[in-house]
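Asks: Have a look at the structure that comes next, please.
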Amino acid sequence: MRSHLLNDATAESYRRSVIEGVERVADKLATTRGPFTGVTPAELAPVIDAVDLDKPLGDSSAALDELESVYLRDAVYFHHPRYLGHLNCPVVIPAVLGEAVLSAVNSSLDTWDQSAGGTLIERKLVDWTNGRIGFGPAADGVFTSGGSQSNLQALLLAREEAMAGLGGREGPDDLSRLRIFSSECSHFSVQKSAKLLGLGMDAVISIPVDRDKRMQSVVLAAELAACRAEGLVPMAIVATAGTTDFGSIDPLPEIAALAEEYGAWMHVDAAYGCGLLASPTRRRLLDGIERADSVTVDFHKSFFQPVSSSAILVRDGATLRHATYHADYLNPARTIAERIPNQVDKSLQTTRRFDALKLWMTLRVMGADGVGGLFDEVCDLAAEGFALLAADPRYDVVVEPQLSTLVYRYIPEGVTSPEDIDRANLHARKALFASGEAVVAGTKVEGRQYLKFTLLNPETTAADIAAVLDLIAGHAEQYLGETLVHA
């Protein structure tokens, strides 16, 4: 079995296996005619259940043959222009090349003696991103697994800074006084982080949004004042730069001013909107982000990177000490005096992939303007899609997009029951997914069922959007017609 270990003696076998795998995927990408096959869990589960993992196939060619039926055939392909579902992007080739390299070398980014150049490349990219945000020379950060982990770490730092302001106590009575403020459209990881940090989900105060789905800073100011009057501690304000449902960007300058006034940590969740950092035309939409204490970025959303590639950035690198723990077998405290750069000193993770290499390869091949230009294209496409929806009497569109998300609802002619309309929209989404012709997402707005386009593929066109709208209407009309017949 040593013949399967990657080393100097097996380099040629590695080359052949990887080339064969790449060729299989390339053929699949070239011949895929839809984003999905429509396979159901009931259909696919028996295929996978039939695999006996205790009986190996013996070689990679056979395993790739099998992989066709258990994965590649029925995978959801984000590169297809009619995948309009979640915040999943098609990926750029330089990043995929980086993925192949980092997987083979298998560096772990926790300590210098496991990663060497990888450590410095990640630090360079952190500095580059901080520069794009507008942070000063004291800034720092670390790559993470995704936006949820980045938000968790940001709120951990905020909690520790708030507790230090209370004299360093960490009793339950002190924790119960801490409050987090975020908009009603913020990511669920804010509530989840509060629970994980011992604050409880009720510590998060939800601030209503305006007609553009942006946090109402006037209401935030009132809630902060009430918090202080009740003897509670405004631990953090989470502003969102690109909400999951609407792509809306909270009023960052106004929120920053309130955070400064009340001594609250300001965190900007820019997991989605971080693509604006590279945009040649829309960077102004993030004005005020430079005043944040911490920022979440997900390169695997709007920088067209493979999952996973995220980071947490902080304006004052010293605050990362709250995530530091020294172990004699890994990162002994003496390494600080020896100026050995151990990234585990900043991270919630220990073993960690060299995901930064993907972004490094992307920037070295395409440049920031190249990436930002792709993000601009999908934002322009969303504007075209909004115009189509606004002009189509079959649809109600919720808000004009700031980024690349459209939330809308099919409104059938002659049907007035909100419940019937809900069911028609839900059915249309499911039927479209089952057909494999396109993939769209769904959400609820004020308790009603809506559909959602998340546009992250520059290859998608306005014609694709129009065609999918026709498909949705067809499925909804068929459902309503059948319902009427059965009634």
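Each chain in the structure tokens gets a letter, A, B and so on, in the order shown; residues start at 1 in every chain, and ligands are counted from 1 in the order they appear.
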For Ala473 of chain A, please output as number ranges by chain all residues within 9 Å (counting only C-alpha atoms; exclusion window: fewer than 6 positions along the same chain).
Replies: A: 394, 410-412, 425, 428
Asks: Using only N, CA, C and O atoms, please write the residues we just selected to a file, as a PDB file, in the first residue's frame.
Replies:
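Output below, filename part_27.pdb:
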ATOM      1  N   ARG A 394     -46.092  39.829 -13.934  1.00  0.00           N
ATOM      2  CA  ARG A 394     -46.237  38.549 -13.236  1.00  0.00           C
ATOM      3  C   ARG A 394     -45.487  38.520 -11.909  1.00  0.00           C
ATOM      4  O   ARG A 394     -45.711  37.608 -11.090  1.00  0.00           O
ATOM      5  N   TYR A 410     -43.705  35.469  -7.585  1.00  0.00           N
ATOM      6  CA  TYR A 410     -44.656  35.319  -8.685  1.00  0.00           C
ATOM      7  C   TYR A 410     -46.060  35.646  -8.179  1.00  0.00           C
ATOM      8  O   TYR A 410     -46.506  35.121  -7.162  1.00  0.00           O
ATOM      9  N   ILE A 411     -46.750  36.522  -8.879  1.00  0.00           N
ATOM     10  CA  ILE A 411     -48.105  36.925  -8.513  1.00  0.00           C
ATOM     11  C   ILE A 411     -49.049  36.517  -9.642  1.00  0.00           C
ATOM     12  O   ILE A 411     -49.159  37.212 -10.654  1.00  0.00           O
ATOM     13  N   PRO A 412     -49.732  35.399  -9.521  1.00  0.00           N
ATOM     14  CA  PRO A 412     -50.594  34.932 -10.613  1.00  0.00           C
ATOM     15  C   PRO A 412     -51.827  35.817 -10.783  1.00  0.00           C
ATOM     16  O   PRO A 412     -52.395  36.317  -9.808  1.00  0.00           O
ATOM     17  N   ASN A 425     -45.403  29.643  -5.398  1.00  0.00           N
ATOM     18  CA  ASN A 425     -43.985  29.996  -5.495  1.00  0.00           C
ATOM     19  C   ASN A 425     -43.105  28.876  -4.963  1.00  0.00           C
ATOM     20  O   ASN A 425     -42.061  28.565  -5.551  1.00  0.00           O
ATOM     21  N   ALA A 428     -43.119  26.108  -7.522  1.00  0.00           N
ATOM     22  CA  ALA A 428     -42.353  26.467  -8.721  1.00  0.00           C
ATOM     23  C   ALA A 428     -40.864  26.266  -8.487  1.00  0.00           C
ATOM     24  O   ALA A 428     -40.148  25.745  -9.354  1.00  0.00           O
TER      25      ALA A 428
END
Asks: Mind checking which residues fall within 8 Å of segment 398-409 of chain A, counting only C-alpha atoms, ignoring those fewer than 5 positions away in the same chain, and posting them as a list of chain:residue names?
Replies: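 The contact residues come out as A:Arg211, A:Asp212, A:Lys213, A:Gly242, A:Asp245, A:Phe246, A:Gly247, A:Ser248, A:Ile249, A:Gly273, A:Val378, A:Cys379, A:Asp380, A:Leu381, A:Ala382, A:Ala383, A:Gly385, A:Phe386, A:Leu389, A:Asn425, A:Gln449, A:Tyr450, A:Leu451, A:Lys452, A:Phe453, A:Thr454, A:Leu455, A:Leu456.
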Asks: So, with only C-alpha atoms as the atoms that count, which of A:Gly21, A:Gly436, A:Glu413, A:His427 lies closest to Glu482 of chain A?
Replies: A:His427
Asks: Taking the chain letters and numbering used in this document, name the residues of segment 238-289 of chain A that DSSP puts in strand (DSSP E or B), as a PyMOL selection string.
Replies: chain A and resi 238-241+249+265-270
Asks: Using N, CA and C atoms, can you write the selected residues to a file as a short mmCIF file (atom, residue, chain, number, x, y, z; two decimals), in the first residue's frame?
Replies:
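Saved result, selection29.cif, follows:
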data_model
loop_
_atom_site.label_atom_id
_atom_site.label_comp_id
_atom_site.auth_asym_id
_atom_site.auth_seq_id
_atom_site.Cartn_x
_atom_site.Cartn_y
_atom_site.Cartn_z
N VAL A 238 -22.98 44.74 14.85
CA VAL A 238 -22.62 44.01 13.63
C VAL A 238 -23.33 44.68 12.46
N ALA A 239 -22.56 45.33 11.62
CA ALA A 239 -23.09 45.89 10.38
C ALA A 239 -22.84 44.89 9.26
N THR A 240 -23.77 44.80 8.35
CA THR A 240 -23.64 43.84 7.25
C THR A 240 -23.39 44.57 5.94
N ALA A 241 -22.36 44.16 5.24
CA ALA A 241 -22.07 44.71 3.91
C ALA A 241 -22.35 43.61 2.90
N ILE A 249 -26.41 46.82 2.04
CA ILE A 249 -25.24 47.28 2.79
C ILE A 249 -25.72 48.29 3.83
N TRP A 265 -17.77 47.61 20.12
CA TRP A 265 -16.96 47.04 19.04
C TRP A 265 -17.79 47.06 17.76
N MET A 266 -17.22 47.55 16.67
CA MET A 266 -17.94 47.54 15.39
C MET A 266 -17.36 46.43 14.52
N HIS A 267 -18.23 45.50 14.18
CA HIS A 267 -17.84 44.43 13.26
C HIS A 267 -18.63 44.58 11.97
N VAL A 268 -17.95 44.46 10.84
CA VAL A 268 -18.62 44.49 9.55
C VAL A 268 -18.55 43.10 8.94
N ASP A 269 -19.71 42.50 8.76
CA ASP A 269 -19.79 41.21 8.08
C ASP A 269 -19.87 41.49 6.58
N ALA A 270 -18.71 41.47 5.93
CA ALA A 270 -18.64 41.70 4.48
C ALA A 270 -18.34 40.40 3.75
#
Asks: Find the residues near Leu313 of chain A: any atom within 8 Å, counting only C-alpha atoms, skip ones fewer than 4 places away on the same chain, and give them as an MDAnalysis selection string.
Replies: chainID A and resid 126 130 139:142 294:297
Asks: Output N, CA, C and O atoms for every residue in that selection, as a compact mmCIF listing (two decimals), in the first residue's frame.
Replies:
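Everything below was put into again-v2.txt:
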# COMPACT_ATOMS: atom_id res chain seq x y z
N VAL A 126 -3.17 38.98 4.08
CA VAL A 126 -3.88 39.68 5.15
C VAL A 126 -3.55 41.17 5.09
O VAL A 126 -4.44 42.03 5.18
N ASN A 130 -6.17 44.18 4.33
CA ASN A 130 -6.29 45.30 5.27
C ASN A 130 -6.06 46.63 4.57
O ASN A 130 -6.71 47.64 4.88
N ALA A 139 -2.96 46.83 11.86
CA ALA A 139 -3.97 45.83 11.53
C ALA A 139 -3.35 44.45 11.36
O ALA A 139 -2.16 44.30 11.08
N ASP A 140 -4.20 43.43 11.49
CA ASP A 140 -3.76 42.05 11.33
C ASP A 140 -4.99 41.21 11.01
O ASP A 140 -6.09 41.73 10.81
N GLY A 141 -4.81 39.91 10.99
CA GLY A 141 -5.91 39.01 10.71
C GLY A 141 -5.41 37.62 10.44
O GLY A 141 -4.20 37.33 10.50
N VAL A 142 -6.34 36.73 10.10
CA VAL A 142 -5.99 35.35 9.83
C VAL A 142 -7.07 34.74 8.96
O VAL A 142 -8.23 35.13 9.01
N SER A 294 -13.37 45.13 13.28
CA SER A 294 -13.10 43.85 12.63
C SER A 294 -13.98 43.72 11.40
O SER A 294 -15.05 44.35 11.30
N VAL A 295 -13.52 42.92 10.46
CA VAL A 295 -14.24 42.71 9.19
C VAL A 295 -14.14 41.24 8.80
O VAL A 295 -13.06 40.64 8.87
N THR A 296 -15.27 40.68 8.39
CA THR A 296 -15.30 39.34 7.81
C THR A 296 -15.29 39.46 6.29
O THR A 296 -16.05 40.24 5.72
N VAL A 297 -14.43 38.68 5.64
CA VAL A 297 -14.44 38.59 4.18
C VAL A 297 -14.50 37.12 3.79
O VAL A 297 -13.86 36.28 4.40
Asks: Which residues are near Asp202 of chain A? Cut-off 9 Å, only C-alpha atoms, ignore same chain within fewer than 4 positions. Put them as a VMD selection string.
Replies: chain A and resid 179 191 194 to 195
Asks: Leaving out Val439 of chain A and any residue of its chain fewer than 6 positions from it, which residues lie within 9 Å of it when counting only C-alpha atoms, given as a list in words?
Replies: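 Skipping anything fewer than 6 positions along the chain leaves Pro35, Phe36, Val76, Arg82, Tyr83, Leu84, Gly85, His86, Arg429, Leu432, Phe433, Phe453 and Val468 of chain A.
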Asks: Those same residues, written as an mmCIF file, in the first residue's frame with C-alpha atoms?
Replies:
data_model
loop_
_atom_site.group_PDB
_atom_site.id
_atom_site.type_symbol
_atom_site.label_atom_id
_atom_site.label_comp_id
_atom_site.auth_asym_id
_atom_site.auth_seq_id
_atom_site.Cartn_x
_atom_site.Cartn_y
_atom_site.Cartn_z
ATOM 1 C CA PRO A 35 -26.858 22.965 -13.370
ATOM 2 C CA PHE A 36 -28.457 19.806 -11.956
ATOM 3 C CA VAL A 76 -24.861 20.762 -8.606
ATOM 4 C CA ARG A 82 -28.570 28.992 -14.878
ATOM 5 C CA TYR A 83 -27.380 28.213 -11.392
ATOM 6 C CA LEU A 84 -28.938 31.233 -9.670
ATOM 7 C CA GLY A 85 -29.321 29.804 -6.188
ATOM 8 C CA HIS A 86 -27.194 30.413 -3.133
ATOM 9 C CA ARG A 429 -38.971 26.465 -7.014
ATOM 10 C CA LEU A 432 -37.657 23.893 -11.340
ATOM 11 C CA PHE A 433 -35.018 22.170 -9.205
ATOM 12 C CA PHE A 453 -31.649 34.959 -7.686
ATOM 13 C CA VAL A 468 -35.888 31.219 -15.905
#
Asks: Can you measure atom CA of Ser310 of chain A to atom CA of Ser150 of chain A for me? One decimal in Å is fine.
Replies: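 Atom CA of Ser150 of chain A lies at a distance of 7.4 Å from atom CA of Ser310 of chain A.
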Asks: By how many Å are atom CA of Glu419 of chain A and atom CA of Arg448 of chain A apart?
Replies: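 Distance reported for this atom pair: 8.1 Å.
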Asks: Restricting the calculation to only C-alpha atoms, which member of A:Cys274, A:Ala225, A:Ala390, A:Ala11 is positioned closest to Val371 of chain A?
Replies: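 Among the listed residues, A:Cys274 lies closest to Val371 of chain A.
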Asks: Find the residue from A:Leu87, A:Asp298, A:Val25, A:Phe304 that sits nearest to Thr244 of chain A; use only C-alpha atoms when measuring.
Replies: A:Leu87
Asks: One number please: atom CA of Thr243 of chain A to atom CA of Glu184 of chain A, in Å, one decimal.
Replies: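 Result for atom CA of Thr243 of chain A versus atom CA of Glu184 of chain A: 9.9 Å, one decimal.
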Asks: Running DSSP on the backbone, which parts of segment 284-377 of chain A land in helix (DSSP H, G or I), as a tab-separated table (two decimals) with C-alpha atoms, in the first residue's frame?
Replies:
chain	number	residue	atom	x	y	z
A	284	ARG	CA	-17.41	53.67	-2.53
A	285	LEU	CA	-20.26	51.43	-1.36
A	286	LEU	CA	-17.98	50.27	1.46
A	289	ILE	CA	-15.63	50.07	6.65
A	290	GLU	CA	-12.19	51.42	7.56
A	291	ARG	CA	-13.65	52.56	10.91
A	299	PHE	CA	-13.14	35.19	-0.82
A	300	HIS	CA	-15.11	32.06	-1.76
A	301	LYS	CA	-18.14	34.22	-2.49
A	302	SER	CA	-17.25	37.34	-4.43
A	317	GLY	CA	-3.77	43.29	15.72
A	318	ALA	CA	-3.18	43.24	19.48
A	319	THR	CA	-6.81	42.18	19.99
A	320	LEU	CA	-6.05	38.83	18.40
A	321	ARG	CA	-4.33	37.91	21.67
A	322	HIS	CA	-7.76	36.84	22.92
A	323	ALA	CA	-7.51	33.80	20.65
A	334	ARG	CA	9.31	31.53	23.95
A	335	THR	CA	8.63	31.64	20.19
A	336	ILE	CA	7.20	35.14	20.62
A	337	ALA	CA	10.54	36.48	21.88
A	343	GLN	CA	-0.40	31.73	12.78
A	344	VAL	CA	-2.04	29.49	15.39
A	345	ASP	CA	-1.43	32.33	17.84
A	346	LYS	CA	-4.20	34.24	16.04
A	356	ALA	CA	-4.55	31.59	1.09
A	357	LEU	CA	-2.56	30.09	-1.80
A	358	LYS	CA	-5.67	30.11	-3.99
A	359	LEU	CA	-6.12	33.85	-3.61
A	360	TRP	CA	-2.38	34.38	-4.07
A	361	MET	CA	-2.43	32.56	-7.41
A	362	THR	CA	-5.53	34.46	-8.47
A	363	LEU	CA	-4.03	37.87	-7.77
A	364	ARG	CA	-0.69	36.93	-9.36
A	365	VAL	CA	-2.43	35.79	-12.57
A	368	ALA	CA	-7.32	42.68	-8.28
A	369	ASP	CA	-8.95	44.63	-11.11
A	370	GLY	CA	-9.58	41.38	-12.96
A	371	VAL	CA	-11.41	39.89	-9.99
A	372	GLY	CA	-13.24	43.12	-9.21
A	373	GLY	CA	-14.28	43.44	-12.84
A	374	LEU	CA	-15.99	40.05	-12.67
A	375	PHE	CA	-17.87	41.13	-9.56
A	376	ASP	CA	-18.89	44.35	-11.27
A	377	GLU	CA	-20.32	42.29	-14.12
Asks: Rank A:Ser189, A:Ser148, A:Ser183, A:Thr350 by their smallest atom-to-atom distance to Val209 of chain A, using only C-alpha atoms, and report the top residue only.
Replies: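 With only C-alpha atoms as the atom set, the closest residue is A:Ser183.
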Asks: For Lys430 of chain A, which residue out of A:Ile205, A:Leu471, A:Ala466, A:Ala45 is the nearest one, using only C-alpha atoms?
Replies: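 Under the stated criterion, the closest residue is A:Leu471.
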Asks: Neighbours of Arg228 of chain A within 12 Å (only C-alpha atoms; same-chain residues fewer than 3 positions away dropped), as a compact mmCIF listing (two decimals) with N, CA, C and O atoms, in the first residue's frame?
Replies:
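Saved the output as around.txt:
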# COMPACT_ATOMS: atom_id res chain seq x y z
N ARG A 177 -25.03 40.90 30.97
CA ARG A 177 -25.24 42.33 30.70
C ARG A 177 -24.82 42.71 29.28
O ARG A 177 -25.14 43.80 28.82
N LEU A 178 -24.10 41.84 28.60
CA LEU A 178 -23.57 42.18 27.28
C LEU A 178 -24.65 42.06 26.21
O LEU A 178 -25.45 41.13 26.21
N ARG A 179 -24.63 43.02 25.29
CA ARG A 179 -25.61 43.03 24.21
C ARG A 179 -24.92 43.23 22.85
O ARG A 179 -23.93 43.96 22.74
N ALA A 221 -29.62 53.87 17.33
CA ALA A 221 -29.25 54.88 18.34
C ALA A 221 -30.17 54.81 19.54
O ALA A 221 -29.73 54.88 20.71
N ALA A 222 -31.47 54.64 19.31
CA ALA A 222 -32.43 54.56 20.41
C ALA A 222 -32.20 53.31 21.25
O ALA A 222 -32.28 53.34 22.49
N GLU A 223 -31.92 52.19 20.59
CA GLU A 223 -31.68 50.95 21.31
C GLU A 223 -30.39 51.00 22.12
O GLU A 223 -30.31 50.46 23.23
N LEU A 224 -29.38 51.64 21.59
CA LEU A 224 -28.13 51.81 22.34
C LEU A 224 -28.35 52.65 23.58
O LEU A 224 -27.82 52.35 24.66
N ALA A 225 -29.12 53.73 23.43
CA ALA A 225 -29.41 54.59 24.58
C ALA A 225 -30.20 53.83 25.63
O ALA A 225 -29.93 53.94 26.84
N GLY A 231 -28.43 49.86 32.30
CA GLY A 231 -27.23 49.34 32.94
C GLY A 231 -26.62 48.17 32.20
O GLY A 231 -25.78 47.44 32.75
N LEU A 232 -27.01 47.99 30.94
CA LEU A 232 -26.45 46.93 30.11
C LEU A 232 -25.25 47.45 29.33
O LEU A 232 -25.03 48.66 29.24
N VAL A 233 -24.50 46.54 28.73
CA VAL A 233 -23.25 46.91 28.06
C VAL A 233 -23.38 46.64 26.56
O VAL A 233 -23.57 45.48 26.15
N PRO A 234 -23.29 47.68 25.72
CA PRO A 234 -23.31 47.46 24.27
C PRO A 234 -21.98 46.87 23.81
O PRO A 234 -21.03 47.59 23.50
N MET A 235 -21.91 45.56 23.76
CA MET A 235 -20.67 44.86 23.47
C MET A 235 -20.23 45.06 22.03
O MET A 235 -19.07 45.33 21.75
N GLU A 261 -19.41 56.38 19.83
CA GLU A 261 -20.09 57.11 20.91
C GLU A 261 -20.37 56.21 22.10
O GLU A 261 -20.24 56.64 23.26
N TYR A 262 -20.75 54.96 21.84
CA TYR A 262 -21.14 54.07 22.93
C TYR A 262 -20.04 53.09 23.33
O TYR A 262 -20.26 52.22 24.17
N GLY A 263 -18.88 53.21 22.74
CA GLY A 263 -17.77 52.34 23.10
C GLY A 263 -18.00 50.89 22.73
O GLY A 263 -17.48 49.98 23.39
N ALA A 264 -18.78 50.66 21.67
CA ALA A 264 -19.07 49.28 21.23
C ALA A 264 -18.10 48.87 20.13
O ALA A 264 -17.67 49.69 19.31
